[in-house]
file data.cif (mmCIF, C-alpha atoms)
data_run
loop_
_atom_site.label_atom_id
_atom_site.label_comp_id
_atom_site.auth_asym_id
_atom_site.auth_seq_id
_atom_site.Cartn_x
_atom_site.Cartn_y
_atom_site.Cartn_z
CA MET S 627 128.57 74.97 81.03
CA ASP S 628 126.06 76.88 78.93
CA ALA S 629 128.82 78.71 77.19
CA PHE S 630 130.59 75.43 76.47
CA CYS S 631 127.55 73.78 74.89
CA CYS S 632 126.79 76.86 72.94
CA CYS S 633 130.33 76.96 71.54
CA PHE S 634 129.93 73.42 70.31
CA LYS S 635 126.69 74.23 68.57
CA VAL S 636 128.28 77.05 66.65
CA GLN S 637 131.68 75.43 66.28
CA GLU S 638 131.48 75.16 62.50
CA GLU S 639 130.34 78.69 62.13
CA LEU S 640 133.16 79.90 64.33
CA GLU S 641 135.75 77.83 62.44
CA ASP S 642 134.62 79.31 59.14
CA ASP S 643 134.80 82.72 60.61
CA ILE S 644 138.26 82.28 62.03
CA ASN S 645 139.49 80.83 58.76
CA ASN S 646 138.08 83.71 56.81
CA SER S 647 139.71 86.28 58.99
CA ASN S 648 143.00 84.40 59.28
CA ASN S 649 143.68 83.11 55.78
CA GLN S 650 147.27 82.12 56.48
CA HIS S 651 146.09 79.43 58.95
CA HIS S 652 144.08 77.24 56.66
CA SER S 653 144.88 73.97 58.38
CA SER S 654 141.75 73.88 60.54
CA SER S 655 139.90 70.85 61.93
CA ASN S 656 142.47 70.39 64.69
CA GLY S 657 139.71 69.93 67.18
CA PHE S 658 138.12 72.02 69.82
CA THR S 659 141.32 72.86 71.75
CA ASP S 660 142.91 74.35 68.70
CA LEU S 661 139.80 76.31 68.04
CA VAL S 662 139.80 77.77 71.52
CA SER S 663 143.44 78.82 71.23
CA LYS S 664 142.71 80.53 67.91
CA PHE S 665 139.81 82.20 69.53
CA ALA S 666 142.05 83.39 72.36
CA THR S 667 144.44 84.89 69.80
CA LEU S 668 141.58 86.75 68.20
CA PHE S 669 140.67 88.10 71.61
CA ARG S 670 144.27 89.14 72.37
CA ASN S 671 144.59 90.91 69.04
CA ASN S 672 141.33 92.63 69.71
CA GLU S 673 139.82 91.14 66.59
CA THR S 674 136.61 90.09 68.22
CA GLN S 675 134.62 91.93 65.59
CA HIS S 676 135.27 88.88 63.42
CA VAL S 677 133.57 86.64 65.94
CA PRO S 678 129.87 86.10 65.40
CA SER S 679 127.93 87.97 68.05
CA ARG S 680 126.11 84.77 69.05
CA VAL S 681 129.44 83.22 70.00
CA LEU S 682 130.66 86.29 71.77
CA ALA S 683 127.46 86.46 73.81
CA CYS S 684 128.00 82.86 74.95
CA LEU S 685 131.55 83.52 76.05
CA LEU S 686 130.94 86.70 77.99
CA THR S 687 130.89 86.17 81.73
CA GLU S 688 127.68 86.91 83.58
CA GLU S 689 129.27 90.03 85.02
CA ALA S 690 130.25 91.32 81.62
CA LYS S 691 126.79 90.56 80.30
CA THR S 692 125.28 92.63 83.09
CA LYS S 693 127.65 95.48 82.27
CA VAL S 694 126.76 95.35 78.60
CA ALA S 695 123.06 95.25 79.38
CA LYS S 696 123.39 98.18 81.77
CA ASN S 697 125.23 100.28 79.22
CA ILE S 698 122.46 99.67 76.78
CA LEU S 699 119.76 100.34 79.33
CA GLU S 700 121.37 103.42 80.84
CA VAL S 701 119.84 105.75 78.33
CA GLU S 702 119.85 109.22 79.76
CA GLU S 703 116.44 110.66 80.45
CA CYS S 704 115.18 114.10 81.41
CA PRO S 705 114.58 114.16 85.19
CA VAL S 706 111.40 116.19 84.72
CA CYS S 707 109.36 114.19 82.19
CA LEU S 708 111.39 110.94 82.53
CA GLU S 709 111.54 110.68 78.72
CA GLU S 710 114.76 110.12 76.77
CA TYR S 711 116.61 112.83 74.94
CA THR S 712 116.28 112.73 71.15
CA THR S 713 117.73 114.70 68.28
CA GLU S 714 114.48 116.63 67.94
CA ASN S 715 114.19 117.17 71.66
CA PRO S 716 117.81 117.19 72.84
CA LYS S 717 119.60 117.42 76.17
CA ILE S 718 120.06 121.04 77.31
CA PRO S 719 122.98 121.41 79.73
CA MET S 720 122.76 123.96 82.54
CA LYS S 721 125.74 125.64 84.19
CA CYS S 722 125.29 123.54 87.31
CA SER S 723 125.92 120.45 85.08
CA HIS S 724 122.34 119.13 85.17
CA ASN S 725 120.44 118.50 81.95
CA TYR S 726 116.82 118.83 80.91
CA HIS S 727 114.62 119.07 77.84
CA LEU S 728 114.22 122.72 76.89
CA ALA S 729 110.43 122.70 77.21
CA CYS S 730 110.61 120.91 80.58
CA ILE S 731 113.07 123.33 82.13
CA TYR S 732 111.28 126.37 80.69
CA GLU S 733 108.05 125.26 82.29
CA TRP S 734 109.84 124.89 85.64
CA MET S 735 111.53 128.29 85.21
CA GLU S 736 108.08 129.88 85.12
CA ARG S 737 107.75 128.76 88.73
CA SER S 738 111.28 128.76 90.11
CA ASN S 739 114.82 130.00 89.46
CA PHE S 740 116.42 126.99 91.08
CA CYS S 741 117.65 123.74 89.56
CA PRO S 742 115.24 120.86 90.36
CA ILE S 743 118.18 118.64 91.31
CA CYS S 744 120.83 120.75 93.07
CA ASP S 745 118.71 123.79 94.00
CA ARG S 746 121.34 126.20 92.62
CA VAL S 747 120.30 129.26 90.61
CA MET S 748 119.76 128.07 87.05
CA GLU S 749 121.64 129.44 84.10
CA PHE S 750 122.09 128.03 80.63
CA GLU S 751 125.61 127.12 79.50
CA GLU S 752 127.19 130.19 77.91
CA SER S 753 127.73 128.56 74.52
CA LEU S 754 124.08 127.63 74.43
CA ASP S 755 123.08 131.06 75.64
CA ALA S 756 124.99 132.67 72.76
CA GLN S 757 123.39 130.28 70.28
CA MET S 758 119.93 131.15 71.41
CA ARG S 759 120.44 134.91 71.17
CA MET J 239 97.51 119.30 82.32
CA ILE J 240 98.91 116.37 84.31
CA ASP J 241 101.79 114.58 82.57
CA PHE J 242 100.12 111.15 82.61
CA ALA J 243 102.94 109.55 80.63
CA ARG J 244 105.28 110.41 83.49
CA VAL J 245 102.79 109.16 86.12
CA GLN J 246 102.50 105.88 84.21
CA LYS J 247 106.31 105.55 84.16
CA GLU J 248 106.51 106.35 87.87
CA LEU J 249 103.98 103.63 88.70
CA GLN J 250 105.97 101.10 86.69
CA GLU J 251 109.27 102.07 88.30
CA CYS J 252 107.81 102.00 91.80
CA GLY J 253 106.21 98.62 91.10
CA LYS J 254 109.59 97.12 90.26
CA ASP J 255 111.00 97.84 93.71
CA VAL J 256 108.08 97.13 96.06
CA GLU J 257 110.05 94.42 97.84
CA GLY J 258 113.05 96.67 98.33
CA SER J 259 111.32 99.87 99.39
CA GLY J 260 108.00 98.62 100.76
CA ILE J 261 106.47 101.65 99.03
CA ARG J 262 103.43 101.06 96.83
CA VAL J 263 101.49 103.43 94.64
CA ALA J 264 98.34 102.41 92.78
CA PRO J 265 95.49 104.24 91.07
CA LYS J 266 92.36 104.52 93.20
CA SER J 267 90.26 103.39 90.26
CA ASP J 268 90.83 102.56 86.63
CA ALA J 269 89.04 105.73 85.61
CA THR J 270 91.89 108.19 86.23
CA LEU J 271 95.55 108.43 87.23
CA ALA J 272 94.94 111.71 89.03
CA ARG J 273 93.82 109.97 92.23
CA LEU J 274 96.12 107.39 93.71
CA VAL J 275 96.74 105.48 96.91
CA GLY J 276 100.22 105.25 98.38
CA THR J 277 101.22 102.72 101.03
CA ILE J 278 104.21 102.99 103.34
CA PRO J 279 105.37 100.60 106.04
CA GLY J 280 105.97 102.16 109.46
CA PRO J 281 109.73 102.60 109.99
CA ILE J 282 111.44 100.01 112.17
CA GLY J 283 112.44 101.22 115.62
CA THR J 284 109.60 103.75 115.80
CA PRO J 285 106.14 103.50 117.40
CA TYR J 286 104.84 103.11 113.83
CA GLU J 287 106.74 99.84 113.28
CA GLY J 288 104.57 96.98 112.05
CA GLY J 289 101.88 99.33 110.75
CA VAL J 290 100.99 99.90 107.13
CA PHE J 291 99.91 103.46 106.40
CA GLN J 292 97.74 104.51 103.50
CA ILE J 293 98.07 107.91 101.92
CA ASP J 294 95.53 109.48 99.56
CA ILE J 295 97.25 111.18 96.66
CA THR J 296 95.66 113.74 94.38
CA LEU J 297 97.68 115.08 91.46
CA PRO J 298 97.12 118.75 90.62
CA ASP J 299 96.81 119.85 86.99
CA GLY J 300 100.38 121.15 87.02
CA TYR J 301 101.99 117.88 88.13
CA PRO J 302 105.01 117.35 88.07
CA PHE J 303 105.63 121.11 88.23
CA GLU J 304 103.36 121.35 91.25
CA PRO J 305 103.54 118.99 94.24
CA PRO J 306 101.13 116.06 94.64
CA LYS J 307 98.58 116.54 97.40
CA MET J 308 99.11 113.85 100.02
CA GLN J 309 97.04 113.08 103.10
CA PHE J 310 97.04 110.10 105.45
CA SER J 311 93.85 108.07 105.23
CA THR J 312 95.13 105.80 108.00
CA LYS J 313 94.85 107.52 111.37
CA VAL J 314 98.27 108.31 112.80
CA TRP J 315 99.56 110.00 115.98
CA HIS J 316 102.43 112.25 114.93
CA PRO J 317 103.30 115.94 115.59
CA ASN J 318 103.47 116.78 111.87
CA ILE J 319 100.34 114.91 110.80
CA SER J 320 96.84 115.99 111.73
CA SER J 321 95.27 113.35 113.99
CA GLN J 322 91.87 114.52 112.67
CA SER J 323 92.32 114.94 108.92
CA GLY J 324 95.61 113.22 108.13
CA ALA J 325 97.04 116.43 106.61
CA ILE J 326 100.82 116.33 106.39
CA CYS J 327 103.19 119.19 107.21
CA LEU J 328 106.21 118.53 105.02
CA ASP J 329 108.19 121.15 103.11
CA ILE J 330 108.71 119.10 99.93
CA LEU J 331 104.94 118.76 99.58
CA LYS J 332 104.74 122.55 99.63
CA ASP J 333 107.30 125.19 98.69
CA GLN J 334 110.27 122.81 98.56
CA TRP J 335 108.77 120.60 95.87
CA SER J 336 110.93 119.93 92.80
CA PRO J 337 109.86 118.21 89.57
CA ALA J 338 112.88 115.93 89.99
CA LEU J 339 111.04 114.35 92.94
CA THR J 340 108.60 111.55 92.27
CA LEU J 341 105.63 110.02 94.07
CA LYS J 342 107.97 107.35 95.38
CA THR J 343 110.61 109.77 96.69
CA ALA J 344 107.85 111.94 98.19
CA LEU J 345 106.42 108.89 99.97
CA LEU J 346 109.93 107.98 101.17
CA SER J 347 110.16 111.50 102.63
CA VAL J 348 106.84 110.99 104.37
CA GLN J 349 108.20 107.72 105.75
CA ALA J 350 111.32 109.57 106.93
CA LEU J 351 109.06 112.11 108.63
CA LEU J 352 107.54 109.26 110.66
CA SER J 353 111.08 108.45 111.88
CA ALA J 354 112.02 112.05 112.62
CA PRO J 355 109.16 114.20 113.92
CA GLU J 356 109.66 117.96 113.97
CA PRO J 357 107.56 119.13 116.93
CA ASP J 358 108.71 122.73 116.50
CA ASP J 359 106.86 122.96 113.19
CA PRO J 360 103.70 121.08 114.12
CA GLN J 361 100.60 120.21 112.13
CA ASP J 362 98.82 118.89 115.21
CA ALA J 363 99.43 121.14 118.20
CA VAL J 364 98.07 118.64 120.73
CA VAL J 365 100.35 115.85 119.57
CA ALA J 366 103.34 118.19 119.37
CA LYS J 367 102.74 119.43 122.90
CA GLN J 368 102.55 115.87 124.17
CA TYR J 369 105.73 114.97 122.26
CA LEU J 370 107.63 117.82 123.93
CA LYS J 371 106.15 117.59 127.44
CA ASP J 372 105.45 113.90 127.93
CA TYR J 373 107.46 111.86 125.48
CA GLN J 374 106.65 108.47 127.04
CA THR J 375 102.91 109.05 126.74
CA PHE J 376 103.45 110.22 123.15
CA ILE J 377 105.26 106.97 122.32
CA SER J 378 102.60 104.76 123.84
CA THR J 379 99.76 106.71 122.21
CA ALA J 380 101.47 106.56 118.81
CA ARG J 381 102.02 102.82 119.28
CA TYR J 382 98.41 102.28 120.32
CA TRP J 383 97.16 104.15 117.25
CA THR J 384 99.44 102.03 115.05
CA GLU J 385 98.06 98.85 116.62
CA THR J 386 94.48 100.02 116.28
CA PHE J 387 94.42 101.70 112.86
CA ALA J 388 97.48 100.64 110.85
CA LYS J 389 97.55 96.89 111.37
CA THR J 390 95.49 94.79 109.04
CA SER J 391 96.20 91.37 110.49
CA SER J 392 96.60 88.57 107.96
CA ARG J 393 93.42 87.01 109.35
CA GLY J 394 91.63 90.25 108.49
CA ILE J 395 92.88 90.03 104.91
CA GLU J 396 91.68 86.40 104.63
CA GLU J 397 88.20 87.43 105.76
CA LYS J 398 88.12 90.20 103.18
CA VAL J 399 89.28 87.84 100.43
CA GLN J 400 86.56 85.39 101.48
CA LYS J 401 83.90 88.10 101.33
CA LEU J 402 84.93 89.07 97.80
CA VAL J 403 84.97 85.41 96.73
CA GLU J 404 81.43 85.03 98.06
CA MET J 405 80.45 88.00 95.88
CA GLY J 406 81.65 85.97 92.91
CA PHE J 407 85.19 87.25 92.25
CA PRO J 408 87.98 84.74 91.61
CA GLU J 409 90.13 84.29 94.73
CA ALA J 410 93.50 85.16 93.14
CA GLN J 411 92.09 88.32 91.60
CA ALA J 412 90.40 89.33 94.85
CA ARG J 413 93.67 88.83 96.74
CA THR J 414 95.89 90.82 94.34
CA THR J 415 93.34 93.61 94.10
CA LEU J 416 93.10 93.83 97.90
CA GLU J 417 96.88 93.93 98.11
CA SER J 418 97.14 96.63 95.45
CA VAL J 419 94.89 98.97 97.45
CA GLY J 420 96.53 98.19 100.78
CA GLY J 421 93.69 96.01 102.11
CA ASP J 422 90.85 98.52 101.72
CA GLU J 423 87.73 96.43 101.02
CA ASN J 424 85.71 99.22 99.45
CA LEU J 425 88.52 100.31 97.13
CA ALA J 426 89.12 96.70 96.14
CA LEU J 427 85.44 96.20 95.35
CA GLU J 428 85.34 99.41 93.33
CA LYS J 429 88.42 98.31 91.38
CA LEU J 430 87.11 94.78 90.79
CA CYS J 431 83.78 96.14 89.55
CA SER J 432 85.33 98.70 87.21
CA GLY J 433 87.91 96.23 85.88
#

call {"tool": "encode", "arguments": {"input": "data.cif", "output": "structure tokens"}}
result
Amino acid sequence: MDAFCCCFKVQEELEDDINNSNNQHHSSSNGFTDLVSKFATLFRNNETQHVPSRVLACLLTEEAKTKVAKNILEVEECPVCLEEYTTENPKIPMKCSHNYHLACIYEWMERSNFCPICDRVMEFEESLDAQMR
Amino acid sequence: MIDFARVQKELQECGKDVEGSGIRVAPKSDATLARLVGTIPGPIGTPYEGGVFQIDITLPDGYPFEPPKMQFSTKVWHPNISSQSGAICLDILKDQWSPALTLKTALLSVQALLSAPEPDDPQDAVVAKQYLKDYQTFISTARYWTETFAKTSSRGIEEKVQKLVEMGFPEAQARTTLESVGGDENLALEKLCSG
């Protein structure tokens, strides 16, 4: 119901948008049904980038919204300091497939040779090892 | 130097799932994050069921590269916990610590220890001996200790709230503060005064 109301509010905006992206179909104003079918075509042709994000957000199902939100929120973080990886302080992959900040894993290596997560002996990825030499 | 940014994040994360896990962690006072109080519910189906156990946590300078120091402040009858001091015998709090563990996962391990005693690696020899030789007596003693020391009845909480209100603190604030420190009147008062 929310999505429906929301679509009505932005109907004009959406119509303009569809008309702009589909110049050959200039006979608009055929009502809401027509609009929805045009919208469906856009979706089928994977042309949703032409749809205003406000409209798209209204039409996404709750499940899809959750998925989108999760993807955005699932930023990878270092398991030691719980901070995100950045370009200045990037993700360092170990051979066992676990990742850490360089400073974090070095500090742990002063105390232990084992991966904090899987407890296997820690080694840097070879490519990285070569780079650092 | 303790990584306080991480501790702060841990407290937030743990706070989000109190209803799911039953595990709480809160600073002892507003002055520092190095001393905390953890609370774990006694596991269901054990003689600790129905009890709420408080654990004093002290973070060493090297945290999270060194394990947090944890000790029961609620008296508990268990082979791997000292009935006198509350000291805990648990490998992850010693040589098996990993910086990928958190205060919450450590407290969950302590809770798991309540469910699965290891009498062959005891902290309290008397309790361990009783566990091995007279299991029924062990169960009833552990249950009695839970009843006596780990149950703050809701009436008890109301009385404490009332006391704090009489001292001039707003009721809602008194209640949430009491809850945040697991019902310890003195800690609540300390927190209310410093806040």

call {"tool": "interface_residues", "arguments": {"input": "data.cif", "of": "chain S", "to": "chain J", "cutoff": "8 Å", "atoms": "all atoms listed in the file", "output": "list in words"}}
result
Pro705, Val706, Cys707, Leu708, Glu709, Glu733, Trp734, Arg737, Pro742 and Ile743 of chain S

call {"tool": "atom_distance", "arguments": {"input": "data.cif", "atom1": "atom CA of J:Asp268", "atom2": "atom CA of J:Leu425"}}
result
11.0 Å

call {"tool": "atom_distance", "arguments": {"input": "data.cif", "atom1": "atom CA of J:Ala412", "atom2": "atom CA of J:Val399"}}
result
5.9 Å

call {"tool": "residues_around", "arguments": {"input": "data.cif", "residues": "S:Cys722", "least_positions_apart": "6", "cutoff": "12 Å", "atoms": "only C-alpha atoms", "output": "count of residues only"}}
result
13

call {"tool": "atom_distance", "arguments": {"input": "data.cif", "atom1": "atom CA of J:Gln309", "atom2": "atom CA of J:Ile295"}}
result
6.7 Å

call {"tool": "resolve_selection", "arguments": {"input": "data.cif", "expression": "the PyMOL selection byres ((chain J and resi 275-283) around 6)", "output": "ChimeraX atom specification"}}
result
/J:261-264,266,274,284,286-295

call {"tool": "decode", "arguments": {"input": "data.cif", "residues": "stretch 358-380 of chain J", "atoms": "N, CA, C and O atoms", "output": "short mmCIF file (atom, residue, chain, number, x, y, z; two decimals), in the first residue's frame"}}
result
data_model
loop_
_atom_site.label_atom_id
_atom_site.label_comp_id
_atom_site.auth_asym_id
_atom_site.auth_seq_id
_atom_site.Cartn_x
_atom_site.Cartn_y
_atom_site.Cartn_z
N ASP J 358 38.09 -32.53 35.89
CA ASP J 358 39.47 -33.03 35.84
C ASP J 358 40.50 -31.91 35.78
O ASP J 358 41.70 -32.15 35.90
N ASP J 359 40.03 -30.69 35.53
CA ASP J 359 40.93 -29.55 35.49
C ASP J 359 40.36 -28.48 36.41
O ASP J 359 39.93 -27.42 35.98
N PRO J 360 40.35 -28.81 37.74
CA PRO J 360 39.55 -27.97 38.65
C PRO J 360 40.22 -26.68 39.05
O PRO J 360 41.44 -26.55 39.01
N GLN J 361 39.41 -25.72 39.44
CA GLN J 361 39.87 -24.49 40.08
C GLN J 361 39.63 -24.64 41.58
O GLN J 361 40.42 -24.20 42.39
N ASP J 362 38.52 -25.29 41.91
CA ASP J 362 38.15 -25.50 43.31
C ASP J 362 38.13 -27.00 43.59
O ASP J 362 37.21 -27.71 43.19
N ALA J 363 39.17 -27.47 44.27
CA ALA J 363 39.35 -28.91 44.47
C ALA J 363 38.19 -29.53 45.26
O ALA J 363 37.78 -30.66 44.97
N VAL J 364 37.68 -28.78 46.23
CA VAL J 364 36.60 -29.32 47.06
C VAL J 364 35.35 -29.57 46.22
O VAL J 364 34.72 -30.63 46.28
N VAL J 365 35.01 -28.57 45.40
CA VAL J 365 33.82 -28.70 44.56
C VAL J 365 34.01 -29.82 43.54
O VAL J 365 33.11 -30.64 43.32
N ALA J 366 35.21 -29.89 42.97
CA ALA J 366 35.49 -30.91 41.95
C ALA J 366 35.38 -32.31 42.55
O ALA J 366 34.80 -33.22 41.93
N LYS J 367 35.88 -32.45 43.76
CA LYS J 367 35.83 -33.76 44.43
C LYS J 367 34.37 -34.17 44.66
O LYS J 367 33.97 -35.30 44.41
N GLN J 368 33.58 -33.17 45.10
CA GLN J 368 32.17 -33.46 45.35
C GLN J 368 31.46 -33.81 44.03
O GLN J 368 30.65 -34.73 43.98
N TYR J 369 31.80 -33.10 42.98
CA TYR J 369 31.20 -33.35 41.66
C TYR J 369 31.45 -34.79 41.23
O TYR J 369 30.56 -35.48 40.72
N LEU J 370 32.68 -35.26 41.45
CA LEU J 370 33.06 -36.61 41.00
C LEU J 370 32.55 -37.71 41.93
O LEU J 370 32.16 -38.78 41.49
N LYS J 371 32.52 -37.43 43.25
CA LYS J 371 32.20 -38.49 44.21
C LYS J 371 30.73 -38.51 44.63
O LYS J 371 30.20 -39.55 44.99
N ASP J 372 30.11 -37.34 44.62
CA ASP J 372 28.73 -37.27 45.12
C ASP J 372 27.94 -36.25 44.29
O ASP J 372 27.66 -35.14 44.74
N TYR J 373 27.64 -36.66 43.07
CA TYR J 373 27.06 -35.75 42.09
C TYR J 373 25.75 -35.12 42.57
O TYR J 373 25.52 -33.93 42.37
N GLN J 374 24.91 -35.93 43.24
CA GLN J 374 23.61 -35.40 43.69
C GLN J 374 23.78 -34.26 44.69
O GLN J 374 23.08 -33.25 44.62
N THR J 375 24.74 -34.44 45.61
CA THR J 375 24.98 -33.38 46.59
C THR J 375 25.53 -32.13 45.88
O THR J 375 25.18 -31.00 46.21
N PHE J 376 26.41 -32.40 44.88
CA PHE J 376 26.94 -31.26 44.10
C PHE J 376 25.79 -30.45 43.49
O PHE J 376 25.74 -29.22 43.63
N ILE J 377 24.86 -31.18 42.84
CA ILE J 377 23.74 -30.49 42.18
C ILE J 377 22.93 -29.67 43.18
O ILE J 377 22.63 -28.49 42.94
N SER J 378 22.62 -30.28 44.34
CA SER J 378 21.77 -29.53 45.26
C SER J 378 22.53 -28.37 45.90
O SER J 378 21.94 -27.31 46.15
N THR J 379 23.84 -28.52 46.11
CA THR J 379 24.61 -27.39 46.66
C THR J 379 24.66 -26.25 45.64
O THR J 379 24.45 -25.08 45.98
N ALA J 380 24.95 -26.63 44.38
CA ALA J 380 25.04 -25.60 43.33
C ALA J 380 23.71 -24.86 43.20
O ALA J 380 23.67 -23.63 43.05
#
